[in-house]
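Chemist: Structure file my_file.txt, compact mmCIF, C-alpha atoms, is pasted below:
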# COMPACT_ATOMS: atom_id res chain seq x y z
CA MET A 1 162.37 30.85 19.91
CA PHE A 2 159.10 32.43 18.86
CA SER A 3 159.90 35.68 20.67
CA ILE A 4 163.22 36.05 18.83
CA PHE A 5 161.50 35.39 15.49
CA SER A 6 158.81 37.89 16.39
CA LYS A 7 161.37 40.48 17.50
CA LYS A 8 163.40 40.06 14.29
CA ASN A 9 160.26 40.62 12.20
CA SER A 10 159.43 43.70 14.25
CA LEU A 11 163.00 45.02 13.86
CA LYS A 12 162.83 44.47 10.08
CA LYS A 13 159.78 46.75 9.99
CA VAL A 14 161.54 49.37 12.15
CA ILE A 15 164.62 49.27 9.90
CA LYS A 16 162.54 49.55 6.73
CA LYS A 17 160.71 52.56 8.19
CA ASN A 18 163.98 54.19 9.36
CA LEU A 19 165.67 53.65 5.99
CA THR A 20 162.95 55.54 4.13
CA SER A 21 163.88 58.75 5.95
CA PHE A 22 167.55 57.93 6.63
CA GLN A 23 170.14 60.17 5.00
CA LEU A 24 173.87 59.86 5.24
CA LEU A 25 175.48 63.15 6.17
CA PHE A 26 178.92 64.00 4.89
CA SER A 27 181.67 66.05 6.46
CA ASN A 28 185.15 67.01 5.33
CA LYS A 29 186.43 66.50 8.87
CA SER A 30 189.57 64.38 9.13
CA ILE A 31 189.44 61.04 10.93
CA GLN A 32 190.57 61.15 14.56
CA THR A 33 187.97 59.07 16.43
CA VAL A 34 186.74 55.68 15.28
CA GLY A 35 183.81 53.56 16.42
CA ILE A 36 183.65 49.92 15.37
CA ILE A 37 180.60 47.68 15.43
CA ILE A 38 181.76 44.07 15.44
CA ASP A 39 179.75 40.89 15.10
CA GLU A 40 181.44 38.74 17.75
CA THR A 41 179.66 35.73 16.26
CA GLN A 42 181.92 36.08 13.19
CA VAL A 43 185.04 37.82 14.55
CA LYS A 44 186.59 36.28 17.63
CA SER A 45 189.55 38.65 17.97
CA TYR A 46 189.48 42.28 16.96
CA GLN A 47 192.86 43.25 18.41
CA LYS A 48 194.48 42.77 14.99
CA LEU A 49 192.04 45.30 13.55
CA ILE A 50 192.91 47.82 16.27
CA ASN A 51 196.64 47.28 15.67
CA LEU A 52 196.19 47.93 11.95
CA LEU A 53 194.30 51.16 12.65
CA HIS A 54 197.09 52.18 15.00
CA GLU A 55 199.61 51.64 12.17
CA TYR A 56 197.71 54.33 10.25
CA ASN A 57 198.12 56.79 13.16
CA ILE A 58 194.72 56.27 14.76
CA ASN A 59 195.35 56.53 18.49
CA ALA A 60 194.17 53.41 20.32
CA ASN A 61 192.51 55.65 22.93
CA ASN A 62 190.33 57.10 20.15
CA ILE A 63 188.94 53.72 19.11
CA LYS A 64 185.76 52.42 20.74
CA ILE A 65 184.16 49.07 20.00
CA LEU A 66 180.56 47.90 20.24
CA THR A 67 180.42 44.11 20.28
CA TYR A 68 177.31 42.26 19.16
CA LYS A 69 176.72 38.57 19.76
CA ASP A 70 173.65 36.56 18.80
CA LYS A 71 173.49 34.70 22.08
CA ILE A 72 175.34 35.51 25.29
CA THR A 73 175.59 32.74 27.85
CA LYS A 74 175.17 33.44 31.57
CA ASN A 75 178.83 32.92 32.49
CA GLU A 76 180.21 34.71 29.44
CA THR A 77 181.74 38.15 29.89
CA LEU A 78 182.26 40.58 27.05
CA PRO A 79 183.87 44.01 27.27
CA GLU A 80 181.39 46.89 27.50
CA PRO A 81 179.68 48.02 25.43
CA PHE A 82 178.20 44.81 24.11
CA SER A 83 174.77 43.89 22.91
CA SER A 84 172.55 41.05 21.87
CA ILE A 85 169.05 40.94 20.43
CA ASP A 86 167.76 40.71 24.01
CA ASP A 87 168.96 44.29 24.63
CA ILE A 88 166.69 45.78 21.96
CA SER A 89 163.00 46.48 22.32
CA ALA A 90 160.56 45.38 19.64
CA THR A 91 160.33 49.06 18.60
CA GLY A 92 164.07 49.19 17.86
CA ILE A 93 165.32 50.95 20.99
CA PHE A 94 168.57 49.79 22.56
CA GLN A 95 168.02 49.43 26.29
CA LYS A 96 171.59 49.44 27.63
CA ASN A 97 173.14 52.77 28.56
CA SER A 98 176.62 51.69 27.44
CA VAL A 99 175.27 50.89 23.96
CA LEU A 100 173.35 54.17 23.80
CA ASP A 101 176.50 56.07 24.82
CA PHE A 102 178.37 54.40 21.95
CA LEU A 103 175.61 55.14 19.42
CA TYR A 104 175.29 58.79 20.44
CA THR A 105 179.04 59.44 20.25
CA PRO A 106 179.76 61.50 17.10
CA PHE A 107 182.73 59.45 15.87
CA ASP A 108 184.60 60.80 12.86
CA MET A 109 184.27 57.33 11.33
CA LEU A 110 182.19 54.24 12.09
CA ILE A 111 183.39 50.89 10.80
CA SER A 112 180.59 48.34 10.53
CA TYR A 113 182.74 45.22 10.71
CA TYR A 114 180.18 42.62 9.73
CA ASP A 115 179.47 41.14 6.32
CA ILE A 116 176.10 39.53 7.01
CA ASP A 117 173.15 41.82 7.61
CA LYS A 118 171.52 41.17 10.96
CA GLU A 119 168.75 43.42 12.21
CA PRO A 120 170.52 44.58 15.42
CA LEU A 121 173.70 45.42 13.49
CA ILE A 122 171.88 47.40 10.79
CA LEU A 123 169.88 49.21 13.45
CA ALA A 124 173.03 50.16 15.36
CA THR A 125 174.66 51.44 12.17
CA ILE A 126 171.60 53.54 11.31
CA GLN A 127 171.30 54.95 14.83
CA SER A 128 175.01 55.78 15.17
CA LYS A 129 175.79 59.51 15.16
CA ALA A 130 179.10 58.89 13.37
CA VAL A 131 179.92 61.36 10.63
CA PHE A 132 181.41 58.89 8.11
CA LYS A 133 180.31 55.25 7.90
CA VAL A 134 182.25 52.41 6.30
CA GLY A 135 181.24 48.79 5.80
CA PHE A 136 181.50 45.73 3.61
CA SER A 137 180.01 45.64 0.12
CA SER A 138 177.93 42.59 1.07
CA THR A 139 175.87 44.62 3.57
CA HIS A 140 172.97 47.02 3.14
CA HIS A 141 174.04 49.73 0.68
CA LYS A 142 172.03 52.63 2.15
CA THR A 143 173.78 52.60 5.52
CA HIS A 144 177.37 53.43 4.50
CA HIS A 145 179.28 56.19 2.72
CA LEU A 146 181.99 53.77 1.63
CA MET A 147 181.73 50.04 1.08
CA ILE A 148 184.76 47.82 0.68
CA GLN A 149 184.70 44.55 -1.22
CA THR A 150 186.87 42.05 0.59
CA ARG A 151 186.53 39.07 2.89
CA MET A 152 185.95 39.81 6.54
CA GLU A 153 188.78 37.53 7.65
CA ASN A 154 191.28 39.68 5.76
CA HIS A 155 191.74 42.59 8.19
CA GLN A 156 194.88 43.83 6.41
CA GLU A 157 193.21 44.16 3.01
CA PHE A 158 190.16 45.88 4.51
CA ILE A 159 192.24 48.49 6.36
CA THR A 160 194.61 49.03 3.40
CA GLU A 161 191.67 49.64 1.05
CA LEU A 162 189.94 51.85 3.62
CA PHE A 163 192.93 54.13 4.06
CA LYS A 164 193.57 54.25 0.32
CA TYR A 165 190.09 55.73 -0.11
CA LEU A 166 190.37 57.95 2.96
CA LYS A 167 193.45 59.54 1.35
CA ILE A 168 191.57 60.09 -1.90
CA LEU A 169 188.70 61.68 0.05
CA LYS A 170 191.23 63.78 2.03
CA LYS A 171 189.96 62.47 5.33
CA ILE A 172 193.44 61.65 6.66
Please re-express this file's structure in structure tokens.
Modeler:
Amino acid sequence: MFSIFSKKNSLKKVIKKNLTSFQLLFSNKSIQTVGIIIDETQVKSYQKLINLLHEYNINANNIKILTYKDKITKNETLPEPFSSIDDISATGIFQKNSVLDFLYTPFDMLISYYDIDKEPLILATIQSKAVFKVGFSSTHHKTHHLMIQTRMENHQEFITELFKYLKILKKI
């Protein structure tokens, strides 16, 4: 318990330091590839989200998901890439190659599908090489280009609002 508390405090310092020099880059590139960071602790099924993206002509093969879960039990299996706080060093470095591959992929859009700020999720969003980042309005405001105010359980409303703004921004 103490080590998790200690690691979270350490990650808060890393995030604070990273946010001082963090700048969101913007591109006029249209959206073809999508990365999604999901908090498995809050969202049990993300297939509905993928289906909704597919309805807006995002090819399912162009959608990659990074799953985060607070605690992973020994017998539990999650699809790769997945992460927990145990996979991050105290200096904020993800230690799994599958997670690093996800973070270094230059997605056209990253959807941070979590509405409660947790250090590993914020860190993954900051470290992602995605060109355009979208999240919920209840999360850290410096990490996203676009923030949508809705409830996380309402996938349909989130995706509808997202694509309404993507049209306005001429990204689709």
Chemist: Atom CA of A:Lys170 and atom CA of A:Asn28, how far apart in Å?
Modeler: 7.6 Å
Chemist: In Å, with one decimal, what is the gap from atom CA of A:Phe107 to atom CA of A:Ile37?
Modeler: 12.0 Å
Chemist: Tell me which protein, DNA and RNA residues are within 12 Å of stretch 79-93 of chain A, counting only C-alpha atoms, leaving out same-chain ones fewer than 3 positions away, and put them as a ChimeraX atom specification.
Modeler: /A:1,3-18,35-41,46,64-73,76,96-103,118-124,126-127
Chemist: Hey, can you pull every residue with an atom no more than 10 Å from (184.8, 67.9, 7.9), using all atoms listed in the file, and send it as a list of chain:residue names?
Modeler: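 Within 10 Å of (184.8, 67.9, 7.9), the protein and nucleic acid residues are A:Phe26, A:Ser27, A:Asn28, A:Lys29, A:Ser30, A:Ile31, A:Asp108, A:Val131, A:Phe132, A:Lys170, A:Lys171.
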Chemist: If the box runs along x, y and z of the file and leaves 3 Å on each side of stretch 158-169 of chain A, what are its centre and edge lengths in Å, one decimal, as JSON?
Modeler:
{"center_x": 191.7, "center_y": 53.8, "center_z": 2.2, "size_x": 11.9, "size_y": 21.8, "size_z": 14.3}
Chemist: Work out how far atom CA of A:Val34 is from atom CA of A:Thr20, in Å to one decimal.
Modeler: 26.3 Å
Chemist: When you count only C-alpha atoms, which of these residues is closest to A:Gln156: A:Thr77, A:Ile50, A:Asp115, A:Gln32?
Modeler: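 Closest residue, counting only C-alpha atoms: A:Ile50.
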Chemist: I'd like the contact shell of A:Thr160 - 10 Å cut-off, all atoms listed in the file, skipping same-chain residues fewer than 6 positions apart - returned as an mmCIF file with C-alpha atoms, in the coordinates of the input.
Modeler:
data_model
loop_
_atom_site.group_PDB
_atom_site.id
_atom_site.type_symbol
_atom_site.label_atom_id
_atom_site.label_comp_id
_atom_site.auth_asym_id
_atom_site.auth_seq_id
_atom_site.Cartn_x
_atom_site.Cartn_y
_atom_site.Cartn_z
ATOM 1 C CA LEU A 52 196.190 47.930 11.950
ATOM 2 C CA LEU A 53 194.300 51.160 12.650
ATOM 3 C CA TYR A 56 197.710 54.330 10.250
ATOM 4 C CA LEU A 166 190.370 57.950 2.960
#
Chemist: Here is a test: counting only C-alpha atoms, which residue of A:Tyr165, A:Asn51, A:Thr139, A:Met152 is nearest to A:Asp117?
Modeler: A:Thr139
Chemist: So, counting only C-alpha atoms, which residue among A:Thr105, A:Ser112, A:Thr33, A:Thr143 is closest to A:Ile58?
Modeler: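 Once distances to A:Ile58 are computed over only C-alpha atoms, the minimum belongs to A:Thr33.
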Chemist: Which one is closest to A:Ile148: A:Lys129, A:Asn61, A:Ile172, A:Tyr113? Count all atoms listed in the file.
Modeler: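 Ranked by minimum distance to A:Ile148, first place goes to A:Tyr113.
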Chemist: Which residue gives the smallest distance to A:His140 among A:Ile116, A:Ala60, A:Met109, A:Leu78, with all atoms listed in the file counted?
Modeler: A:Ile116
Chemist: Of the candidates A:His144, A:His54, A:Arg151, A:Lys74, which shows the shortest atom-to-atom distance to A:Thr125, using all atoms listed in the file?
Modeler: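 Ranking A:His144, A:His54, A:Arg151, A:Lys74 by distance to A:Thr125, first place goes to A:His144.
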